[in-house]
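A.B. asks: Pasting in a structure now, in structure tokens, and then I'll have a few things to ask.
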Amino acid sequence: MARKILVDEEMDQTNKEEAHYDFDLFVIGAGSGGVRAARFSANFGAKVGICELPFHPISSEVIGGVGGTCVIRGCVPKKILVYGATFGGELEDARNYGWELNEKLDFNWKKLLHKKTDEIIRLNGIYKRLLSNAGVKLFEGEGKIVGPNEVELTQLDGTKLSYSAKHILIATGSRAHRPLIPGQELGITSDEALSLEDLPKRAVVFGGGYIAVEFASIWRGLGADVNLFFRRELPLRGFDDEMRAVVARNLEARGVNLHAQTNLTELVKTDNGIKVITDHGEEFIADVVLFATGRLPNSKRLNLEAVGVELDNTGAVKVDEYSRTNIPKAITCDHLNNQFFLMKLHVLPFFLGKCFQKTVFGGESSKADYSNIPCAVFSIPPLSVVGLSEEQAIEQANSDVLVFTSTFNPMKNTISGRQEKTVMKLVVDQETDKVLGASMCGPDSPEIMQGIAVALKCGATKAQFDCTVGIHPSAAEEFVTMRSVSRRITVSRKSKTNP
Ligand code: NDP
């Protein structure tokens, strides 16, 4: 009886505490993850507030916009430019299909830019409506954390508001960083690259990751002279080595000049453009120099350390498997952690936002499962992968690894005459027959890989791939017709060797 009274008192106390919060959840940052978490938490009946900086295509410490990086200055505008750039090659390919492109073809960059900006403004409006339809209160201004359950908002007119919240979700994402070399202020980041007034005739891209490869493809596809500099032997570290070589080959074949194992050391303004100096002593002149050397967490202005939230040395918030900070009950971090930076811009925040709302308001503990997350690099043609690369499989598997590859001329190229092979790959655990990873570089690979990702998530075996009927004629059918092992890598737990 005494215990019952105590429990009632404890509950009473908890209810009183909950009742005095202004919000059940306050989200700082209205990008893909923040918006998702806010809307779905509100659907569970939570009282939710969210804040975001004012909209502009180019971000800064004080500029952002509902929709976040993915929608405003990342995946969406990038993909629009990729579509625009792909037409260049398509028009060339059309000739052998009977299209007489006799008149001079002009490309109007300003028109594409204008259409792109219209589209992101439209999406910004949609995201705002999604929030208001879900009953989420949106504040325009800068949020910071002033206590475990306290946020302070600085609105556009400088006035400050303070709110208490039972949970605070940090969903502020990341921002491009520039390498510290002399003249770095002459270069741009992907934010500006997505909103350039003029299409560059001579572009230099520095970096070998997603953004570097994608912009090299975009600018080259639109007719620019592109030099791509990266510090490794191949671009796209972390992807399957064989596929990295395929991407490099395709970039070169489409006219991008690759400079492997080369760093930029200085940029100098000249009358003729920006002089770019490399660590091999070479000099190039460019209209635009893009730094695509990674992104850093947007955590500086959130006051996190002052309230005791632990950060790592890059400024990323340290979180547990539920994305909780070291003050777990109150402050949760959606995607401001290092795992985010290894993954796609849109998908992971979106996915973590979903886990968050289920765990905190849905009564269902939901950890993010990072296995078999498909991703795509929107180079032209694109690379898409899911699961393990060959190198990762060798590292992680306990039995031999079987590699199946297919390199073929896509049917469209037989008529167009384009000399560009599509390459596909499956990596299989010999003992269990489980498909551990799949990759494809070729047209439509992201569209194809999404379906393959479902198969891998279900634990599909190679035998199940083999007994699936292919759609004929398609490139995708190659994934279910690869019968001969290209190589077998002997893996032993003690010593893993590649014979
Ligand atoms: P990435 O992390 O993909 O690549 C950064 C590149 O810069 C790497 O090649 C890296 O080299 C190089 N680099 C880093 N520091 C230096 C330096 N000091 N000097 C020379 N080179 C350097 O970053 P991105 O900027 O391309 O993209 C940021 C993130 O955005 C991605 O990781 C991804 O999460 C996301 N994104 C996703 C896209 C998609 O899903 N399609 C598209 C665009 C972005 P090294 O490999 O040697 O470290």
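Following the order of the structure tokens, chains are lettered A, B, ..., residues in each are numbered from 1, and ligands are numbered from 1.
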Find the residues near ligand 1. Use a cut-off of 7 Å, count only C-alpha atoms and all ligand atoms, and write them as JSON, numbers by chain.
C.D. replies: {"A": [74, 75, 176, 179, 206, 207, 208, 209, 210, 211, 212, 230, 231, 232, 235, 236, 237, 263, 292, 293, 294, 295, 340, 341, 342, 343, 344, 345, 375, 376, 377, 378]}
A.B. asks: Pick the closest to A:Arg129 from A:Gly67, A:Pro443, A:Gly158, A:Gly362: which is it, counting only C-alpha atoms?
C.D. replies: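 Residue with the minimum atom-to-atom distance to A:Arg129: A:Gly67.
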A.B. asks: Contacts of stretch 451-453 of chain A at 9 Å or less, counting only C-alpha atoms, minus same-chain residues fewer than 5 places along, as a VMD selection string?
C.D. replies: chain A and resid 372 to 374 385 to 387 438 458 479
A.B. asks: For stretch 92-95 of chain A, work out the shell of residues within 12 Å, counting only C-alpha atoms and skipping chain neighbours fewer than 3 positions away, then give it as a PyMOL selection string.
C.D. replies: chain A and resi 86-89+98-102+105+221+254+412-420
A.B. asks: Taking the chain letters and numbering used in this document, name the residues of stretch 148-381 of chain A that DSSP puts in alpha helix (DSSP H), as a PyMOL selection string.
C.D. replies: chain A and resi 190-193+210-221+241-253+338-342+347-360
A.B. asks: Restricting the calculation to only C-alpha atoms: of A:Asn227, A:Ser384, A:Thr468, A:Asn43, which residue gets closest to A:Asp240?
C.D. replies: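 The closest residue to A:Asp240 is A:Ser384.
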A.B. asks: Would you pick out the contacts of A:Lys434 at 7 Å or less, using only C-alpha atoms, so that residues sharing its chain but fewer than 2 positions from it are not included, and give the list as a JSON list (two decimals) with N, CA and C atoms, in the first residue's frame?
C.D. replies:
[["chain", "number", "residue", "atom", "x", "y", "z"],
["A", 428, "VAL", "N", 29.63, -12.16, -52.56],
["A", 428, "VAL", "CA", 28.83, -13.21, -51.91],
["A", 428, "VAL", "C", 29.67, -13.96, -50.88],
["A", 429, "ASP", "N", 29.03, -14.30, -49.76],
["A", 429, "ASP", "CA", 29.68, -15.13, -48.75],
["A", 429, "ASP", "C", 29.57, -16.58, -49.21],
["A", 432, "THR", "N", 27.57, -19.13, -46.65],
["A", 432, "THR", "CA", 26.13, -18.95, -46.44],
["A", 432, "THR", "C", 25.39, -18.65, -47.75],
["A", 436, "LEU", "N", 26.44, -10.17, -49.94],
["A", 436, "LEU", "CA", 26.90, -9.20, -48.93],
["A", 436, "LEU", "C", 26.90, -7.78, -49.47],
["A", 459, "GLY", "N", 18.09, -10.39, -46.59],
["A", 459, "GLY", "CA", 19.09, -11.46, -46.46],
["A", 459, "GLY", "C", 19.14, -12.39, -47.67],
["A", 460, "ALA", "N", 18.88, -11.87, -48.86],
["A", 460, "ALA", "CA", 18.83, -12.72, -50.05],
["A", 460, "ALA", "C", 20.14, -13.46, -50.30],
["A", 461, "THR", "N", 20.01, -14.68, -50.81],
["A", 461, "THR", "CA", 21.18, -15.47, -51.18],
["A", 461, "THR", "C", 21.41, -15.32, -52.69],
["A", 462, "LYS", "N", 22.60, -15.74, -53.10],
["A", 462, "LYS", "CA", 22.90, -15.69, -54.54],
["A", 462, "LYS", "C", 21.95, -16.63, -55.29]]
A.B. asks: Determine, counting only C-alpha atoms, which protein, DNA and RNA residues have an atom within 9 Å of an atom of A:Ala42; residues of the same chain fewer than 2 positions away are not included. Present the result as a list in words.
C.D. replies: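 Contacts, with the query itself left out: Leu25, Ala37, Ala38, Arg39, Phe40, Phe44, Gly45, Ala46, Lys47, Val48, Ala134, Gly135, Val136, Gln357 and Phe361 of chain A.
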A.B. asks: The selected residues should be written to file as a CSV table (one decimal), in the first residue's frame (atoms: C-alpha atoms).
C.D. replies:
chain,number,residue,atom,x,y,z
A,25,LEU,CA,9.7,18.5,-28.1
A,37,ALA,CA,11.0,14.0,-36.4
A,38,ALA,CA,8.8,17.0,-35.6
A,39,ARG,CA,5.8,16.0,-37.8
A,40,PHE,CA,5.7,12.5,-36.7
A,44,PHE,CA,1.8,10.9,-31.8
A,45,GLY,CA,0.1,13.8,-29.9
A,46,ALA,CA,3.3,15.6,-28.8
A,47,LYS,CA,3.3,19.4,-28.6
A,48,VAL,CA,6.2,20.3,-30.9
A,134,ALA,CA,0.9,18.5,-38.4
A,135,GLY,CA,0.3,21.2,-35.8
A,136,VAL,CA,4.0,21.9,-35.3
A,357,GLN,CA,9.9,9.9,-33.0
A,361,PHE,CA,6.8,9.3,-28.5
A.B. asks: DSSP on the backbone: what in stretch 8-208 of chain A comes out strand (DSSP E or B), as a ChimeraX atom specification?
C.D. replies: /A:23-28,48-52,55,60,63-64,137-147,150-155,160-170,174-176,188,202-206
A.B. asks: Would you put the residues from that selection into a file with C-alpha atoms, as a short mmCIF file (atom, residue, chain, number, x, y, z; two decimals), in the first residue's frame?
C.D. replies:
data_model
loop_
_atom_site.label_atom_id
_atom_site.label_comp_id
_atom_site.auth_asym_id
_atom_site.auth_seq_id
_atom_site.Cartn_x
_atom_site.Cartn_y
_atom_site.Cartn_z
CA PHE A 23 6.75 21.90 -25.53
CA ASP A 24 7.11 18.14 -25.38
CA LEU A 25 9.71 18.45 -28.12
CA PHE A 26 11.67 21.37 -29.47
CA VAL A 27 13.68 20.76 -32.65
CA ILE A 28 16.55 23.00 -33.67
CA VAL A 48 6.18 20.33 -30.92
CA GLY A 49 8.10 23.51 -31.72
CA ILE A 50 10.81 23.82 -34.36
CA CYS A 51 13.11 26.67 -35.35
CA GLU A 52 15.03 27.35 -38.53
CA PHE A 55 15.74 30.93 -46.30
CA SER A 60 25.87 30.93 -43.54
CA ILE A 63 21.03 31.67 -43.08
CA GLY A 64 19.32 28.32 -43.64
CA LYS A 137 4.82 25.53 -34.31
CA LEU A 138 7.54 26.94 -36.59
CA PHE A 139 9.79 29.79 -35.42
CA GLU A 140 12.05 31.64 -37.82
CA GLY A 141 15.26 32.48 -36.07
CA GLU A 142 18.35 31.05 -34.48
CA GLY A 143 17.99 28.53 -31.69
CA LYS A 144 20.44 27.72 -28.98
CA ILE A 145 20.34 25.55 -25.92
CA VAL A 146 20.59 27.38 -22.61
CA GLY A 147 19.85 24.47 -20.26
CA GLU A 150 15.66 25.27 -22.19
CA VAL A 151 16.00 26.76 -25.65
CA GLU A 152 16.47 30.39 -26.52
CA LEU A 153 15.42 31.78 -29.88
CA THR A 154 16.72 34.91 -31.50
CA GLN A 155 14.12 36.04 -34.01
CA LYS A 160 14.63 36.79 -27.93
CA LEU A 161 12.18 34.12 -26.82
CA SER A 162 12.74 31.37 -24.27
CA TYR A 163 10.95 28.05 -24.16
CA SER A 164 11.18 24.95 -22.05
CA ALA A 165 10.91 21.54 -23.64
CA LYS A 166 10.86 18.04 -22.27
CA HIS A 167 13.05 16.90 -25.17
CA ILE A 168 15.32 18.94 -27.39
CA LEU A 169 16.38 17.54 -30.75
CA ILE A 170 19.49 18.94 -32.42
CA SER A 174 26.65 20.33 -41.45
CA ARG A 175 28.29 22.92 -43.63
CA ALA A 176 31.03 22.71 -46.28
CA ILE A 188 33.62 28.44 -53.52
CA ARG A 202 37.11 26.59 -66.89
CA ALA A 203 36.38 24.84 -63.60
CA VAL A 204 38.73 23.38 -61.02
CA VAL A 205 37.31 20.95 -58.47
CA PHE A 206 39.30 19.98 -55.38
#
